[in-house]
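Structure first, then comments.
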Amino acid sequence: MEDKLSQLMESNEELLWTGRPEAFETMDKSNKRPIIIGEIIKAVAFAALIIAYLIAGKRSGGVMPGLVVVLLVVAVYALASPFLTARALRNKAVYALTNRRLYRVGTTGEGYVDYDVIKVAAIRTDADGHQTLLCGPDALKTRPWRWRDLSTGSAALDMDTRECDRYVFYALPKDEKLMALLKEKLPL
């Protein structure tokens, strides 16, 4: 991941800090209930969709088994999604601060955001004690159970102002140097 980071950085950038999310449980206090509710909703929705397709197919004279298989594969992926997200953050995510930008690599939304487009930011702590950096007004409005998902997505910029609307670093390590740099570089 560090190689990927160096590929993204420009030649005039200085790496100030790099680290990984601290250890966390997938089904912790902040995420367990939303994950369970989400899994039930997804399972019921996919079961209803498949049953509706089978009933409609029977009435019209034909069911395409391939379509049922595709729906089942999509359902399995949707059900596995919260666990895959947590695994990617635990095993692959790398956070970095340079003199110009915040970087995240190793997740699906890897990339960076310049400090100068971040107009509001905060470090918030969830019920499990994990500190999360929330950049942008949209990120600041989200509930703790959404922080993990948002930390694997790309930076969202407001299309009109070109300012950061959402960028998240989940489960920041408790590091004094990191906190000092964030306070220096961001409007916390």
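In the structure tokens, chains take letters A, B, ... by order of appearance, with residues numbered from 1 within each chain and ligands from 1 in the order shown.
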
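The list of residues with at least one atom within 10 Å of Tyr112 of chain A, based on only C-alpha atoms and without residues fewer than 3 positions apart in the same chain, reads Leu5, Leu8, Met9, Tyr95, Ala96, Leu97, Arg100, Arg101, Leu102, Tyr103, Arg104, Val105, Gly109, Tyr115, Ser154, Ala155 and Tyr167 of chain A.
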
Atoms kept (all heavy atoms) for selection, written as a compact mmCIF listing (two decimals), in the first residue's frame:
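See result31.txt below for the written result:
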```txt
# COMPACT_ATOMS: atom_id res chain seq x y z
N LEU A 5 0.68 4.66 -2.38
CA LEU A 5 0.69 6.01 -1.82
C LEU A 5 1.76 6.85 -2.51
O LEU A 5 1.49 7.98 -2.93
CB LEU A 5 0.93 5.97 -0.31
CG LEU A 5 1.03 7.30 0.40
CD1 LEU A 5 -0.26 8.10 0.26
CD2 LEU A 5 1.36 7.08 1.87
N LEU A 8 0.67 8.01 -5.89
CA LEU A 8 -0.34 9.08 -5.89
C LEU A 8 0.27 10.44 -5.53
O LEU A 8 -0.21 11.47 -6.00
CB LEU A 8 -1.46 8.75 -4.89
CG LEU A 8 -2.40 7.62 -5.26
CD1 LEU A 8 -3.31 7.28 -4.08
CD2 LEU A 8 -3.24 7.99 -6.48
N MET A 9 1.29 10.44 -4.70
CA MET A 9 1.87 11.70 -4.24
C MET A 9 2.63 12.39 -5.36
O MET A 9 3.23 11.74 -6.21
CB MET A 9 2.83 11.44 -3.06
CG MET A 9 2.13 11.08 -1.78
SD MET A 9 3.26 10.64 -0.44
CE MET A 9 4.32 12.06 -0.36
N TYR A 95 -3.79 5.32 5.91
CA TYR A 95 -4.08 6.75 5.93
C TYR A 95 -2.75 7.49 5.90
O TYR A 95 -1.77 7.03 6.48
CB TYR A 95 -4.82 7.14 7.21
CG TYR A 95 -6.12 6.44 7.47
CD1 TYR A 95 -6.49 6.13 8.76
CD2 TYR A 95 -6.99 6.12 6.43
CE1 TYR A 95 -7.71 5.51 9.03
CE2 TYR A 95 -8.21 5.50 6.70
CZ TYR A 95 -8.55 5.19 8.00
OH TYR A 95 -9.75 4.58 8.26
N ALA A 96 -2.74 8.64 5.26
CA ALA A 96 -1.51 9.44 5.22
C ALA A 96 -1.84 10.92 5.19
O ALA A 96 -2.87 11.33 4.65
CB ALA A 96 -0.68 9.06 4.00
N LEU A 97 -0.94 11.71 5.76
CA LEU A 97 -1.00 13.17 5.69
C LEU A 97 0.29 13.65 5.08
O LEU A 97 1.37 13.17 5.45
CB LEU A 97 -1.14 13.77 7.09
CG LEU A 97 -2.52 13.78 7.74
CD1 LEU A 97 -2.94 12.40 8.18
CD2 LEU A 97 -2.51 14.72 8.91
N ARG A 100 0.31 18.78 1.87
CA ARG A 100 -0.75 19.35 1.03
C ARG A 100 -2.10 18.62 1.10
O ARG A 100 -3.13 19.20 0.78
CB ARG A 100 -0.30 19.36 -0.43
CG ARG A 100 0.87 20.27 -0.68
CD ARG A 100 1.31 20.31 -2.13
NE ARG A 100 0.19 20.50 -3.02
CZ ARG A 100 0.11 19.94 -4.22
NH1 ARG A 100 1.07 19.18 -4.66
NH2 ARG A 100 -0.94 20.17 -4.98
N ARG A 101 -2.10 17.33 1.47
CA ARG A 101 -3.31 16.52 1.31
C ARG A 101 -3.46 15.45 2.37
O ARG A 101 -2.52 15.04 3.02
CB ARG A 101 -3.28 15.79 -0.04
CG ARG A 101 -3.21 16.68 -1.22
CD ARG A 101 -3.09 15.83 -2.47
NE ARG A 101 -3.15 16.68 -3.63
CZ ARG A 101 -2.42 16.52 -4.71
NH1 ARG A 101 -1.57 15.52 -4.80
NH2 ARG A 101 -2.55 17.34 -5.74
N LEU A 102 -4.73 14.95 2.45
CA LEU A 102 -5.05 13.71 3.16
C LEU A 102 -5.13 12.61 2.11
O LEU A 102 -5.73 12.81 1.04
CB LEU A 102 -6.43 13.81 3.83
CG LEU A 102 -6.61 14.75 4.99
CD1 LEU A 102 -8.10 14.85 5.33
CD2 LEU A 102 -5.83 14.27 6.18
N TYR A 103 -4.58 11.44 2.41
CA TYR A 103 -4.62 10.31 1.49
C TYR A 103 -5.22 9.09 2.18
O TYR A 103 -5.00 8.89 3.37
CB TYR A 103 -3.21 9.91 1.03
CG TYR A 103 -2.59 10.81 0.01
CD1 TYR A 103 -1.86 11.92 0.40
CD2 TYR A 103 -2.73 10.55 -1.34
CE1 TYR A 103 -1.27 12.75 -0.53
CE2 TYR A 103 -2.13 11.36 -2.29
CZ TYR A 103 -1.41 12.46 -1.88
OH TYR A 103 -0.83 13.27 -2.82
N ARG A 104 -5.92 8.27 1.39
CA ARG A 104 -6.36 6.96 1.85
C ARG A 104 -6.14 5.98 0.70
O ARG A 104 -6.61 6.21 -0.42
CB ARG A 104 -7.83 6.98 2.25
CG ARG A 104 -8.29 5.66 2.83
CD ARG A 104 -9.75 5.64 3.23
NE ARG A 104 -10.60 5.98 2.11
CZ ARG A 104 -11.47 6.98 2.11
NH1 ARG A 104 -11.61 7.75 3.16
NH2 ARG A 104 -12.22 7.21 1.06
N VAL A 105 -5.41 4.92 0.96
CA VAL A 105 -5.20 3.88 -0.05
C VAL A 105 -5.56 2.52 0.55
O VAL A 105 -5.64 2.36 1.76
CB VAL A 105 -3.74 3.86 -0.59
CG1 VAL A 105 -3.41 5.14 -1.33
CG2 VAL A 105 -2.74 3.62 0.52
N GLY A 109 -12.35 3.36 -2.44
CA GLY A 109 -12.36 4.79 -2.74
C GLY A 109 -11.03 5.45 -2.47
O GLY A 109 -10.97 6.55 -1.95
N TYR A 115 -6.15 19.84 1.46
CA TYR A 115 -6.57 20.53 2.68
C TYR A 115 -7.39 21.78 2.37
O TYR A 115 -8.34 22.10 3.07
CB TYR A 115 -5.37 20.95 3.53
CG TYR A 115 -4.55 19.81 4.07
CD1 TYR A 115 -3.18 19.78 3.87
CD2 TYR A 115 -5.13 18.78 4.79
CE1 TYR A 115 -2.40 18.73 4.37
CE2 TYR A 115 -4.37 17.74 5.29
CZ TYR A 115 -3.00 17.72 5.08
OH TYR A 115 -2.25 16.69 5.56
N SER A 154 -14.87 7.28 -2.05
CA SER A 154 -14.06 8.39 -2.55
C SER A 154 -14.48 9.69 -1.89
O SER A 154 -15.56 9.80 -1.34
CB SER A 154 -14.25 8.53 -4.07
OG SER A 154 -13.85 7.36 -4.71
N ALA A 155 -13.61 10.67 -2.01
CA ALA A 155 -13.95 12.00 -1.52
C ALA A 155 -15.11 12.54 -2.34
O ALA A 155 -15.13 12.40 -3.56
CB ALA A 155 -12.75 12.94 -1.64
N TYR A 167 -15.42 13.22 3.37
CA TYR A 167 -14.21 12.40 3.34
C TYR A 167 -14.00 11.93 4.76
O TYR A 167 -14.06 12.73 5.70
CB TYR A 167 -13.01 13.22 2.84
CG TYR A 167 -11.84 12.38 2.37
CD1 TYR A 167 -11.96 11.53 1.29
CD2 TYR A 167 -10.60 12.46 3.00
CE1 TYR A 167 -10.89 10.78 0.84
CE2 TYR A 167 -9.52 11.73 2.55
CZ TYR A 167 -9.67 10.89 1.47
OH TYR A 167 -8.59 10.14 1.02
```

I'd like the neighbourhood of Ala78 of chain A as a PyMOL selection string, where a residue qualifies if any of its atoms comes within 9 Å (using only C-alpha atoms), though same-chain residues fewer than 4 positions away should be ignored. chain A and resi 39+42-43+73-74+82

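We find atom CA of Glu22 of chain A and atom CA of Asp128 of chain A to be spaced 11.7 Å apart.
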
Got a sec: who's within 12 Å of Ser81 of chain A, counting only C-alpha atoms, leaving out chain neighbours fewer than 4 positions off, as a list in words? Thr26, Ile35, Gly38, Glu39, Lys42, Val74, Ala75, Val76, Tyr77, Thr85, Ala86, Arg87, Ala88, Arg148, Asp149 and Thr152 of chain A

For the selection just defined, write its residues with N, CA and C atoms to a file, as a compact mmCIF listing (two decimals), in the first residue's frame.
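Generated file (again-v4.txt):
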```
# COMPACT_ATOMS: atom_id res chain seq x y z
N THR A 26 -15.98 -6.05 14.00
CA THR A 26 -17.00 -5.79 12.98
C THR A 26 -18.36 -5.54 13.62
N ILE A 35 -26.08 -3.40 11.30
CA ILE A 35 -25.70 -4.50 10.41
C ILE A 35 -26.79 -5.57 10.43
N GLY A 38 -29.89 -4.30 8.63
CA GLY A 38 -29.60 -4.24 7.20
C GLY A 38 -29.58 -5.62 6.56
N GLU A 39 -29.00 -6.59 7.25
CA GLU A 39 -28.94 -7.96 6.72
C GLU A 39 -30.35 -8.55 6.59
N LYS A 42 -32.10 -6.82 3.61
CA LYS A 42 -31.56 -7.31 2.34
C LYS A 42 -32.02 -8.74 2.05
N VAL A 74 -25.73 -11.74 -6.32
CA VAL A 74 -25.84 -10.34 -5.88
C VAL A 74 -26.29 -10.29 -4.41
N ALA A 75 -27.22 -11.16 -4.04
CA ALA A 75 -27.70 -11.21 -2.66
C ALA A 75 -26.57 -11.58 -1.70
N VAL A 76 -25.78 -12.57 -2.06
CA VAL A 76 -24.67 -12.99 -1.20
C VAL A 76 -23.67 -11.85 -1.04
N TYR A 77 -23.37 -11.16 -2.14
CA TYR A 77 -22.43 -10.02 -2.05
C TYR A 77 -23.01 -8.91 -1.16
N THR A 85 -16.27 -4.73 4.02
CA THR A 85 -15.83 -3.37 4.31
C THR A 85 -14.93 -3.34 5.54
N ALA A 86 -15.37 -4.00 6.60
CA ALA A 86 -14.57 -4.04 7.84
C ALA A 86 -13.23 -4.73 7.59
N ARG A 87 -13.25 -5.80 6.83
CA ARG A 87 -12.01 -6.52 6.53
C ARG A 87 -11.04 -5.66 5.72
N ALA A 88 -11.56 -4.95 4.72
CA ALA A 88 -10.71 -4.08 3.90
C ALA A 88 -10.07 -2.99 4.76
N ARG A 148 -17.92 3.85 8.95
CA ARG A 148 -17.08 2.79 8.39
C ARG A 148 -17.27 2.69 6.88
N ASP A 149 -18.52 2.66 6.43
CA ASP A 149 -18.80 2.60 4.98
C ASP A 149 -18.25 3.83 4.26
N THR A 152 -14.56 4.04 3.15
CA THR A 152 -14.05 3.28 2.01
C THR A 152 -14.44 3.93 0.70
```

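If you measure from each of A:Gly129, A:Thr142, A:Leu178, A:Pro21 to Lys92 of chain A using only C-alpha atoms, the closest one turns out to be A:Pro21.
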
Those in segment 45-147 of chain A with alpha helix (DSSP H) from DSSP, as a VMD selection string: chain A and resid 45 to 60 65 to 91 137 to 141 144 to 147

Please compute the atom CA of Trp145 of chain A-atom CA of Leu84 of chain A distance, one decimal, in Å. 15.2 Å

Residue nearest Thr18 of chain A among A:Leu172, A:Val44, A:Val68, A:Ile37 (counting only C-alpha atoms): A:Leu172
